[in-house]
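Chemist: File final-v6.pdb follows (PDB, C-alpha atoms):
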```pdb
ATOM      1  CA  MET B   1       0.000   0.000   0.000  1.00  0.00           C
ATOM      2  CA  THR B   2       2.857   2.398   0.855  1.00  0.00           C
ATOM      3  CA  ARG B   3       4.402   1.730  -2.567  1.00  0.00           C
ATOM      4  CA  THR B   4       1.073   2.447  -4.300  1.00  0.00           C
ATOM      5  CA  TRP B   5       0.561   5.800  -2.552  1.00  0.00           C
ATOM      6  CA  THR B   6       4.167   6.770  -3.258  1.00  0.00           C
ATOM      7  CA  ALA B   7       3.664   5.944  -6.946  1.00  0.00           C
ATOM      8  CA  LEU B   8       0.493   8.030  -7.155  1.00  0.00           C
ATOM      9  CA  ARG B   9       2.210  11.001  -5.514  1.00  0.00           C
ATOM     10  CA  LEU B  10       5.065  10.716  -7.998  1.00  0.00           C
ATOM     11  CA  GLY B  11       2.498  10.685 -10.800  1.00  0.00           C
ATOM     12  CA  LEU B  12       0.913  13.898  -9.524  1.00  0.00           C
ATOM     13  CA  VAL B  13       4.304  15.598  -9.337  1.00  0.00           C
ATOM     14  CA  LEU B  14       5.196  14.450 -12.872  1.00  0.00           C
ATOM     15  CA  ILE B  15       1.946  15.643 -14.411  1.00  0.00           C
ATOM     16  CA  SER B  16       2.020  18.963 -12.551  1.00  0.00           C
ATOM     17  CA  THR B  17       5.586  19.608 -13.712  1.00  0.00           C
ATOM     18  CA  VAL B  18       4.677  19.019 -17.341  1.00  0.00           C
ATOM     19  CA  ALA B  19       1.337  20.834 -17.201  1.00  0.00           C
ATOM     20  CA  ASN B  20       2.401  24.122 -15.613  1.00  0.00           C
ATOM     21  CA  PRO B  21       4.199  25.667 -18.642  1.00  0.00           C
ATOM     22  CA  VAL B  22       1.221  25.055 -20.891  1.00  0.00           C
ATOM     23  CA  ALA B  23      -1.643  25.328 -18.410  1.00  0.00           C
ATOM     24  CA  ALA B  24      -3.453  27.927 -20.485  1.00  0.00           C
ATOM     25  CA  GLN B  25      -3.425  25.880 -23.689  1.00  0.00           C
ATOM     26  CA  ASP B  26      -6.356  23.483 -23.956  1.00  0.00           C
ATOM     27  CA  LEU B  27      -5.142  20.864 -21.478  1.00  0.00           C
ATOM     28  CA  ARG B  28      -7.532  18.122 -20.367  1.00  0.00           C
ATOM     29  CA  PRO B  29      -6.579  16.401 -17.081  1.00  0.00           C
ATOM     30  CA  SER B  30      -7.869  12.861 -16.690  1.00  0.00           C
ATOM     31  CA  VAL B  31      -8.090   9.850 -14.400  1.00  0.00           C
ATOM     32  CA  PHE B  32      -8.416   6.271 -15.595  1.00  0.00           C
ATOM     33  CA  GLY B  33      -8.671   2.649 -14.582  1.00  0.00           C
ATOM     34  CA  ALA B  34      -8.103  -0.522 -16.555  1.00  0.00           C
ATOM     35  CA  THR B  35      -8.546  -4.267 -16.217  1.00  0.00           C
ATOM     36  CA  GLY B  36      -7.310  -7.053 -18.443  1.00  0.00           C
ATOM     37  CA  VAL B  37      -4.868  -9.945 -18.574  1.00  0.00           C
ATOM     38  CA  ALA B  38      -1.077 -10.028 -18.583  1.00  0.00           C
ATOM     39  CA  ASN B  39       1.376 -12.746 -19.528  1.00  0.00           C
ATOM     40  CA  VAL B  40       4.561 -12.641 -17.445  1.00  0.00           C
ATOM     41  CA  TYR B  41       7.499 -14.440 -19.035  1.00  0.00           C
ATOM     42  CA  ARG B  42      11.258 -14.738 -18.932  1.00  0.00           C
ATOM     43  CA  THR B  43      12.647 -13.943 -22.342  1.00  0.00           C
ATOM     44  CA  GLU B  44      15.119 -16.812 -22.589  1.00  0.00           C
ATOM     45  CA  ASP B  45      13.068 -19.765 -21.399  1.00  0.00           C
ATOM     46  CA  GLN B  46       9.532 -19.780 -19.972  1.00  0.00           C
ATOM     47  CA  SER B  47       6.152 -18.222 -19.230  1.00  0.00           C
ATOM     48  CA  PHE B  48       4.921 -17.786 -15.663  1.00  0.00           C
ATOM     49  CA  GLY B  49       1.245 -17.613 -16.564  1.00  0.00           C
ATOM     50  CA  THR B  50      -1.430 -15.299 -17.932  1.00  0.00           C
ATOM     51  CA  GLU B  51      -3.390 -13.715 -15.098  1.00  0.00           C
ATOM     52  CA  LEU B  52      -5.657 -10.821 -14.137  1.00  0.00           C
ATOM     53  CA  ASN B  53      -4.076  -7.371 -14.379  1.00  0.00           C
ATOM     54  CA  ILE B  54      -5.590  -4.231 -12.862  1.00  0.00           C
ATOM     55  CA  GLY B  55      -4.331  -0.663 -12.889  1.00  0.00           C
ATOM     56  CA  GLY B  56      -5.058   3.022 -12.925  1.00  0.00           C
ATOM     57  CA  GLY B  57      -3.484   6.428 -13.053  1.00  0.00           C
ATOM     58  CA  LEU B  58      -3.551  10.106 -13.906  1.00  0.00           C
ATOM     59  CA  GLY B  59      -2.981  11.896 -17.156  1.00  0.00           C
ATOM     60  CA  ILE B  60      -3.224  15.000 -19.293  1.00  0.00           C
ATOM     61  CA  GLU B  61      -4.072  15.426 -22.966  1.00  0.00           C
ATOM     62  CA  TRP B  62      -3.041  18.271 -25.220  1.00  0.00           C
ATOM     63  CA  LYS B  63      -4.212  18.192 -28.832  1.00  0.00           C
ATOM     64  CA  ARG B  64      -2.920  14.870 -30.236  1.00  0.00           C
ATOM     65  CA  LEU B  65      -0.525  14.122 -27.364  1.00  0.00           C
ATOM     66  CA  GLY B  66      -1.224  12.354 -24.091  1.00  0.00           C
ATOM     67  CA  LEU B  67       0.954  11.911 -21.003  1.00  0.00           C
ATOM     68  CA  ASP B  68       0.090   9.426 -18.227  1.00  0.00           C
ATOM     69  CA  ALA B  69       1.481   8.193 -14.938  1.00  0.00           C
ATOM     70  CA  GLU B  70       0.203   4.638 -14.453  1.00  0.00           C
ATOM     71  CA  ILE B  71       0.539   1.800 -11.957  1.00  0.00           C
ATOM     72  CA  HIS B  72      -0.710  -1.720 -12.583  1.00  0.00           C
ATOM     73  CA  ARG B  73      -0.334  -5.121 -10.949  1.00  0.00           C
ATOM     74  CA  THR B  74      -0.625  -8.691 -12.189  1.00  0.00           C
ATOM     75  CA  LEU B  75      -2.559 -10.816  -9.697  1.00  0.00           C
ATOM     76  CA  GLY B  76      -2.772 -14.576  -9.182  1.00  0.00           C
ATOM     77  CA  LEU B  77       0.748 -15.604 -10.195  1.00  0.00           C
ATOM     78  CA  THR B  78       1.395 -19.099  -8.794  1.00  0.00           C
ATOM     79  CA  PRO B  79       4.874 -20.618  -8.352  1.00  0.00           C
ATOM     80  CA  LEU B  80       5.296 -24.280  -9.330  1.00  0.00           C
ATOM     81  CA  GLU B  81       6.291 -27.105  -7.029  1.00  0.00           C
ATOM     82  CA  VAL B  82       9.876 -28.275  -7.494  1.00  0.00           C
ATOM     83  CA  GLN B  83      10.465 -31.987  -8.081  1.00  0.00           C
ATOM     84  CA  CYS B  84      13.382 -33.538  -6.254  1.00  0.00           C
ATOM     85  CA  ALA B  85      16.065 -34.450  -8.793  1.00  0.00           C
ATOM     86  CA  ILE B  86      18.329 -36.477  -6.480  1.00  0.00           C
ATOM     87  CA  GLY B  87      17.800 -40.172  -7.121  1.00  0.00           C
ATOM     88  CA  ASN B  88      20.114 -42.031  -4.757  1.00  0.00           C
ATOM     89  CA  VAL B  89      18.903 -40.579  -1.407  1.00  0.00           C
ATOM     90  CA  PRO B  90      15.430 -39.773  -0.012  1.00  0.00           C
ATOM     91  CA  CYS B  91      14.114 -36.215  -0.401  1.00  0.00           C
ATOM     92  CA  LEU B  92      12.869 -34.137   2.504  1.00  0.00           C
ATOM     93  CA  GLY B  93      10.927 -30.866   2.511  1.00  0.00           C
ATOM     94  CA  SER B  94       9.275 -29.004  -0.348  1.00  0.00           C
ATOM     95  CA  ALA B  95       9.899 -25.889  -2.404  1.00  0.00           C
ATOM     96  CA  ARG B  96       8.429 -23.761  -5.198  1.00  0.00           C
ATOM     97  CA  GLU B  97       9.888 -21.718  -8.022  1.00  0.00           C
ATOM     98  CA  GLY B  98       8.234 -18.798  -9.778  1.00  0.00           C
ATOM     99  CA  PHE B  99       6.730 -15.373  -9.242  1.00  0.00           C
ATOM    100  CA  LEU B 100       4.275 -14.204  -6.603  1.00  0.00           C
ATOM    101  CA  GLU B 101       3.544 -10.705  -7.913  1.00  0.00           C
ATOM    102  CA  ALA B 102       4.578  -8.185 -10.549  1.00  0.00           C
ATOM    103  CA  THR B 103       3.871  -4.459 -10.177  1.00  0.00           C
ATOM    104  CA  MET B 104       4.762  -1.773 -12.696  1.00  0.00           C
ATOM    105  CA  LEU B 105       4.904   2.013 -12.444  1.00  0.00           C
ATOM    106  CA  SER B 106       5.381   3.773 -15.775  1.00  0.00           C
ATOM    107  CA  GLY B 107       5.258   7.081 -17.536  1.00  0.00           C
ATOM    108  CA  ASN B 108       3.482   6.815 -20.896  1.00  0.00           C
ATOM    109  CA  ILE B 109       3.392   9.137 -23.883  1.00  0.00           C
ATOM    110  CA  SER B 110       0.757   8.622 -26.585  1.00  0.00           C
ATOM    111  CA  TYR B 111       0.081  10.068 -30.016  1.00  0.00           C
ATOM    112  CA  PHE B 112      -3.508  10.037 -31.317  1.00  0.00           C
ATOM    113  CA  PHE B 113      -4.712   9.680 -34.895  1.00  0.00           C
ATOM    114  CA  GLY B 114      -8.161  10.059 -36.424  1.00  0.00           C
ATOM    115  CA  GLY B 115     -11.077  12.330 -35.599  1.00  0.00           C
ATOM    116  CA  PRO B 116     -13.315  13.018 -32.602  1.00  0.00           C
ATOM    117  CA  ARG B 117     -15.298   9.755 -32.739  1.00  0.00           C
ATOM    118  CA  VAL B 118     -12.609   7.068 -32.840  1.00  0.00           C
ATOM    119  CA  ARG B 119      -8.944   7.825 -32.150  1.00  0.00           C
ATOM    120  CA  PRO B 120      -6.334   5.101 -32.669  1.00  0.00           C
ATOM    121  CA  TYR B 121      -3.094   5.783 -30.800  1.00  0.00           C
ATOM    122  CA  LEU B 122       0.457   4.579 -30.318  1.00  0.00           C
ATOM    123  CA  THR B 123       2.105   4.539 -26.884  1.00  0.00           C
ATOM    124  CA  GLY B 124       5.647   4.384 -25.542  1.00  0.00           C
ATOM    125  CA  SER B 125       6.415   3.658 -21.886  1.00  0.00           C
ATOM    126  CA  VAL B 126       9.353   3.852 -19.508  1.00  0.00           C
ATOM    127  CA  GLY B 127       9.085   2.746 -15.900  1.00  0.00           C
ATOM    128  CA  VAL B 128       9.982   0.334 -13.143  1.00  0.00           C
ATOM    129  CA  LEU B 129       8.911  -3.302 -12.690  1.00  0.00           C
ATOM    130  CA  TRP B 130       8.930  -4.655  -9.125  1.00  0.00           C
ATOM    131  CA  THR B 131       8.688  -8.429  -8.642  1.00  0.00           C
ATOM    132  CA  GLU B 132       8.497 -10.868  -5.743  1.00  0.00           C
ATOM    133  CA  SER B 133       9.529 -14.467  -6.405  1.00  0.00           C
ATOM    134  CA  VAL B 134      10.485 -17.741  -4.722  1.00  0.00           C
ATOM    135  CA  ASN B 135      13.359 -20.049  -5.660  1.00  0.00           C
ATOM    136  CA  SER B 136      14.476 -23.440  -4.423  1.00  0.00           C
ATOM    137  CA  LEU B 137      17.595 -24.670  -2.696  1.00  0.00           C
ATOM    138  CA  THR B 138      18.598 -28.339  -2.412  1.00  0.00           C
ATOM    139  CA  ILE B 139      21.109 -29.416   0.237  1.00  0.00           C
ATOM    140  CA  VAL B 140      22.425 -32.948  -0.272  1.00  0.00           C
ATOM    141  CA  SER B 141      24.029 -35.051   2.436  1.00  0.00           C
ATOM    142  CA  SER B 142      25.019 -38.708   2.539  1.00  0.00           C
ATOM    143  CA  THR B 143      21.608 -39.689   3.921  1.00  0.00           C
ATOM    144  CA  ALA B 144      19.068 -37.258   2.384  1.00  0.00           C
ATOM    145  CA  ALA B 145      18.388 -34.332   0.044  1.00  0.00           C
ATOM    146  CA  THR B 146      16.598 -31.428   1.740  1.00  0.00           C
ATOM    147  CA  LEU B 147      14.509 -28.993  -0.286  1.00  0.00           C
ATOM    148  CA  SER B 148      13.833 -25.455   0.926  1.00  0.00           C
ATOM    149  CA  GLU B 149      12.722 -22.193  -0.687  1.00  0.00           C
ATOM    150  CA  PHE B 150      13.744 -18.556  -0.328  1.00  0.00           C
ATOM    151  CA  HIS B 151      12.126 -15.274  -1.354  1.00  0.00           C
ATOM    152  CA  GLU B 152      13.674 -12.715  -3.686  1.00  0.00           C
ATOM    153  CA  SER B 153      12.755  -9.167  -4.685  1.00  0.00           C
ATOM    154  CA  ASP B 154      13.870  -7.519  -7.901  1.00  0.00           C
ATOM    155  CA  THR B 155      13.559  -4.094  -9.555  1.00  0.00           C
ATOM    156  CA  GLY B 156      14.126  -3.605 -13.261  1.00  0.00           C
ATOM    157  CA  LEU B 157      13.933  -0.780 -15.762  1.00  0.00           C
ATOM    158  CA  ALA B 158      10.904  -1.468 -17.978  1.00  0.00           C
ATOM    159  CA  VAL B 159      10.522  -0.163 -21.532  1.00  0.00           C
ATOM    160  CA  GLY B 160       7.321  -0.743 -23.480  1.00  0.00           C
ATOM    161  CA  VAL B 161       5.382   0.001 -26.650  1.00  0.00           C
ATOM    162  CA  GLY B 162       1.717  -0.439 -27.475  1.00  0.00           C
ATOM    163  CA  PHE B 163      -1.330   0.587 -29.420  1.00  0.00           C
ATOM    164  CA  GLY B 164      -5.015   1.099 -28.737  1.00  0.00           C
ATOM    165  CA  VAL B 165      -8.216   2.897 -29.660  1.00  0.00           C
ATOM    166  CA  ASP B 166      -9.890   5.713 -27.720  1.00  0.00           C
ATOM    167  CA  VAL B 167     -13.685   5.474 -28.185  1.00  0.00           C
ATOM    168  CA  PRO B 168     -15.625   8.429 -26.684  1.00  0.00           C
ATOM    169  CA  LEU B 169     -18.854   7.460 -24.918  1.00  0.00           C
ATOM    170  CA  THR B 170     -19.666  11.009 -23.773  1.00  0.00           C
ATOM    171  CA  PRO B 171     -17.663  14.269 -23.956  1.00  0.00           C
ATOM    172  CA  ALA B 172     -16.042  13.278 -20.635  1.00  0.00           C
ATOM    173  CA  PHE B 173     -15.930   9.443 -20.666  1.00  0.00           C
ATOM    174  CA  SER B 174     -14.149   7.184 -23.133  1.00  0.00           C
ATOM    175  CA  LEU B 175     -13.395   3.479 -23.519  1.00  0.00           C
ATOM    176  CA  ARG B 176      -9.860   2.338 -24.381  1.00  0.00           C
ATOM    177  CA  PRO B 177      -9.062  -1.215 -25.504  1.00  0.00           C
ATOM    178  CA  GLU B 178      -5.293  -1.537 -25.851  1.00  0.00           C
ATOM    179  CA  PHE B 179      -2.305  -3.873 -26.029  1.00  0.00           C
ATOM    180  CA  ARG B 180       1.183  -3.241 -24.660  1.00  0.00           C
ATOM    181  CA  THR B 181       4.382  -5.229 -24.446  1.00  0.00           C
ATOM    182  CA  TYR B 182       7.197  -4.504 -21.972  1.00  0.00           C
ATOM    183  CA  SER B 183      10.768  -5.646 -21.476  1.00  0.00           C
ATOM    184  CA  SER B 184      12.625  -5.243 -18.168  1.00  0.00           C
ATOM    185  CA  VAL B 185      15.915  -6.958 -18.942  1.00  0.00           C
ATOM    186  CA  ALA B 186      17.867  -3.771 -18.137  1.00  0.00           C
ATOM    187  CA  MET B 187      19.051  -3.401 -14.532  1.00  0.00           C
ATOM    188  CA  SER B 188      17.288  -6.626 -13.508  1.00  0.00           C
ATOM    189  CA  ARG B 189      18.409 -10.059 -12.344  1.00  0.00           C
ATOM    190  CA  VAL B 190      15.269 -11.892 -13.513  1.00  0.00           C
ATOM    191  CA  ASN B 191      14.995 -10.547 -17.108  1.00  0.00           C
ATOM    192  CA  LEU B 192      11.217 -10.509 -17.346  1.00  0.00           C
ATOM    193  CA  GLY B 193       8.908  -9.431 -20.121  1.00  0.00           C
ATOM    194  CA  LEU B 194       5.197  -8.731 -19.979  1.00  0.00           C
ATOM    195  CA  HIS B 195       2.404  -8.734 -22.580  1.00  0.00           C
ATOM    196  CA  ARG B 196      -0.739  -6.914 -21.443  1.00  0.00           C
ATOM    197  CA  GLY B 197      -4.158  -6.606 -23.039  1.00  0.00           C
ATOM    198  CA  ALA B 198      -6.644  -4.394 -21.222  1.00  0.00           C
ATOM    199  CA  ILE B 199      -9.799  -2.314 -21.490  1.00  0.00           C
ATOM    200  CA  GLY B 200      -9.674   1.065 -19.769  1.00  0.00           C
ATOM    201  CA  VAL B 201     -12.238   3.682 -18.817  1.00  0.00           C
ATOM    202  CA  ARG B 202     -11.074   7.319 -18.741  1.00  0.00           C
ATOM    203  CA  TYR B 203     -12.679  10.483 -17.389  1.00  0.00           C
ATOM    204  CA  ARG B 204     -11.517  13.877 -18.672  1.00  0.00           C
ATOM    205  CA  TRP B 205     -12.236  17.333 -17.335  1.00  0.00           C
TER     206      TRP B 205
END
```
Re-express the file's structure as structure tokens.

Modeler:
Amino acid sequence: MTRTWTALRLGLVLISTVANPVAAQDLRPSVFGATGVANVYRTEDQSFGTELNIGGGLGIEWKRLGLDAEIHRTLGLTPLEVQCAIGNVPCLGSAREGFLEATMLSGNISYFFGGPRVRPYLTGSVGVLWTESVNSLTIVSSTAATLSEFHESDTGLAVGVGFGVDVPLTPAFSLRPEFRTYSSVAMSRVNLGLHRGAIGVRYRW
């Protein structure tokens, strides 16, 4: 919860900093929420599942440009049980390997095409991906192999691209189906990627 509030405060500071020099020029502040699914994977070998993803944030729009501060989390990630690979002694204990959660905070810039009714857009993102995971450790002695697990936290620089469509429902509300893909191999030990498809609802002033 502390991380979420900190992220939202950072988003407010970012948007205020950008908005102040052009405050008199047709800016439209906005808030938004989104829900969808995200596939979390490690680029070199495996997927860790496709699960529910929820998020929200703050933004501003100016003509064909949009700037957002967004936080979203992938829920329901389930580590897998590790099978004991030692064949000549009995195995004791249990362990899992995989991810427990993945949370991303990003700044997004979008460019809109089309007219007032339907506006396709392209998006670029830069942010931070926080993950919590478990890994296994096997200690082998002459009489038994003992399995145990340990927790790890990781922070990586995430870079993403995406596309979507902004569909106005009223002058203030719009619907936004979109797809984004992220890579966080920079500054990270776990080298994760994330594909996210979501439908968002946005309110503009």

Chemist: Name the residues in contact with Arg28 (chain B) at a cut-off of 7 Å, using only C-alpha atoms, excluding same-chain residues fewer than 3 positions from it; report them as an MDAnalysis selection string.

Modeler: chainID B and resid 60:62 204:205

Chemist: So which residues touch region 172-183 of chain B within 8 Å, counting only C-alpha atoms, skipping near sequence neighbours fewer than 4 positions away, as JSON, numbers by chain?

Modeler: {"B": [158, 159, 160, 161, 162, 163, 164, 165, 166, 167, 168, 191, 192, 193, 194, 195, 196, 197, 198, 199, 200, 201, 202, 203, 204, 205]}

Chemist: Just the number, please: distance in Å from CA of Ala38 (chain B) to CA of Leu137 (chain B), one decimal.

Modeler: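 Going from CA of Ala38 (chain B) over to CA of Leu137 (chain B) covers 28.6 Å.
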
Chemist: Could you jot down the CA of Ile54 (chain B) to CA of Ala186 (chain B) separation for me, Å, one decimal place?

Modeler: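 Result for CA of Ile54 (chain B) versus CA of Ala186 (chain B): 24.0 Å, one decimal.
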
Chemist: Using the chain letters and numbers from the file, which residues does the PyMOL selection byres ((chain B and resi 55) around 8) grab, as a ChimeraX atom specification?

Modeler: /B:33-35,53-54,56-57,70-73

Chemist: What separation in Å, quoted to one decimal, exists between CA of Thr170 (chain B) and CA of Ser110 (chain B)?

Modeler: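 Taking CA of Thr170 (chain B) and CA of Ser110 (chain B), their separation equals 20.8 Å.
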
Chemist: To verify the selection step, state as a ChimeraX atom specification which residues the PyMOL selection byres ((chain B and resi 86-99) around 7) yields on this input.

Modeler: /B:48,77-82,84-85,100-101,132-136,143-149

Chemist: Which residue out of B:Asn108, B:Thr131, B:Ser141, B:Ser47 has the minimum interatomic distance to Val190 (chain B) when all atoms listed in the file are used?

Modeler: B:Thr131

Chemist: Could you put an axis-aligned box around every listed atom of region 102-121 of chain B, padded by 4 Å on each side, and send me its centre and edge lengths in Å to one decimal, as JSON?

Modeler:
```
{"center_x": -5.0, "center_y": 2.4, "center_z": -23.3, "size_x": 28.7, "size_y": 29.2, "size_z": 34.2}
```

Chemist: Env of Arg189 (chain B): 9 Å cut, atoms = only C-alpha atoms, seq-sep filter 4 positions within chain, self excluded. Answer as a list in words.

Modeler: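 So, after excluding close chain neighbours, the residues are Asp154, Thr155, Gly156 and Val185 of chain B.
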
Chemist: Would you fill the gaps in region 76-98 of chain B so it has N, CA, C and O atoms, then print it as a compact mmCIF listing (two decimals), in the frame of the given file?

Modeler:
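Dumped everything to rebuild.txt:
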```
# COMPACT_ATOMS: atom_id res chain seq x y z
N GLY B 76 -2.53 -13.15 -9.01
CA GLY B 76 -2.77 -14.58 -9.18
C GLY B 76 -1.62 -15.39 -9.71
O GLY B 76 -1.80 -16.55 -10.10
N LEU B 77 -0.41 -14.82 -9.76
CA LEU B 77 0.75 -15.60 -10.20
C LEU B 77 1.03 -16.71 -9.18
O LEU B 77 1.05 -16.47 -7.97
N THR B 78 1.25 -17.93 -9.67
CA THR B 78 1.40 -19.10 -8.79
C THR B 78 2.70 -19.82 -9.09
O THR B 78 2.87 -20.38 -10.19
N PRO B 79 3.64 -19.85 -8.14
CA PRO B 79 4.87 -20.62 -8.35
C PRO B 79 4.58 -22.11 -8.46
O PRO B 79 3.57 -22.61 -7.95
N LEU B 80 5.46 -22.84 -9.14
CA LEU B 80 5.30 -24.28 -9.33
C LEU B 80 6.11 -25.06 -8.31
O LEU B 80 7.20 -24.64 -7.90
N GLU B 81 5.57 -26.22 -7.93
CA GLU B 81 6.29 -27.10 -7.03
C GLU B 81 7.53 -27.67 -7.72
O GLU B 81 7.50 -28.03 -8.90
N VAL B 82 8.62 -27.74 -6.98
CA VAL B 82 9.88 -28.28 -7.49
C VAL B 82 9.92 -29.77 -7.22
O VAL B 82 9.63 -30.23 -6.10
N GLN B 83 10.29 -30.55 -8.24
CA GLN B 83 10.46 -31.99 -8.08
C GLN B 83 11.90 -32.29 -7.67
O GLN B 83 12.84 -31.74 -8.24
N CYS B 84 12.04 -33.17 -6.71
CA CYS B 84 13.38 -33.54 -6.25
C CYS B 84 14.11 -34.30 -7.36
O CYS B 84 13.58 -35.27 -7.93
N ALA B 85 15.31 -33.85 -7.68
CA ALA B 85 16.07 -34.45 -8.79
C ALA B 85 17.20 -35.34 -8.31
O ALA B 85 18.04 -35.76 -9.11
N ILE B 86 17.27 -35.63 -7.03
CA ILE B 86 18.33 -36.48 -6.48
C ILE B 86 17.78 -37.89 -6.36
O ILE B 86 16.80 -38.13 -5.64
N GLY B 87 18.39 -38.84 -7.05
CA GLY B 87 17.80 -40.17 -7.12
C GLY B 87 18.33 -41.20 -6.15
O GLY B 87 17.69 -42.22 -5.91
N ASN B 88 19.50 -40.98 -5.56
CA ASN B 88 20.11 -42.03 -4.76
C ASN B 88 19.91 -41.87 -3.26
O ASN B 88 20.37 -42.69 -2.47
N VAL B 89 19.23 -40.78 -2.83
CA VAL B 89 18.90 -40.58 -1.41
C VAL B 89 17.47 -40.08 -1.30
O VAL B 89 16.93 -39.50 -2.26
N PRO B 90 16.80 -40.28 -0.16
CA PRO B 90 15.43 -39.77 -0.01
C PRO B 90 15.41 -38.24 0.05
O PRO B 90 16.39 -37.60 0.45
N CYS B 91 14.28 -37.68 -0.39
CA CYS B 91 14.11 -36.22 -0.40
C CYS B 91 13.23 -35.78 0.76
O CYS B 91 12.18 -36.39 1.03
N LEU B 92 13.62 -34.71 1.40
CA LEU B 92 12.87 -34.14 2.50
C LEU B 92 12.49 -32.70 2.17
O LEU B 92 13.21 -31.99 1.47
N GLY B 93 11.35 -32.25 2.70
CA GLY B 93 10.93 -30.87 2.51
C GLY B 93 10.24 -30.64 1.17
O GLY B 93 10.01 -31.57 0.39
N SER B 94 9.93 -29.39 0.91
CA SER B 94 9.28 -29.00 -0.35
C SER B 94 9.70 -27.58 -0.69
O SER B 94 10.16 -26.82 0.16
N ALA B 95 9.51 -27.23 -1.95
CA ALA B 95 9.90 -25.89 -2.40
C ALA B 95 9.14 -25.56 -3.68
O ALA B 95 8.63 -26.44 -4.39
N ARG B 96 9.07 -24.25 -3.98
CA ARG B 96 8.43 -23.76 -5.20
C ARG B 96 9.41 -22.84 -5.93
O ARG B 96 10.32 -22.29 -5.33
N GLU B 97 9.14 -22.68 -7.23
CA GLU B 97 9.89 -21.72 -8.02
C GLU B 97 8.92 -20.94 -8.90
O GLU B 97 8.01 -21.53 -9.50
N GLY B 98 9.10 -19.64 -8.95
CA GLY B 98 8.23 -18.80 -9.78
C GLY B 98 7.97 -17.46 -9.12
O GLY B 98 8.59 -17.11 -8.11
```
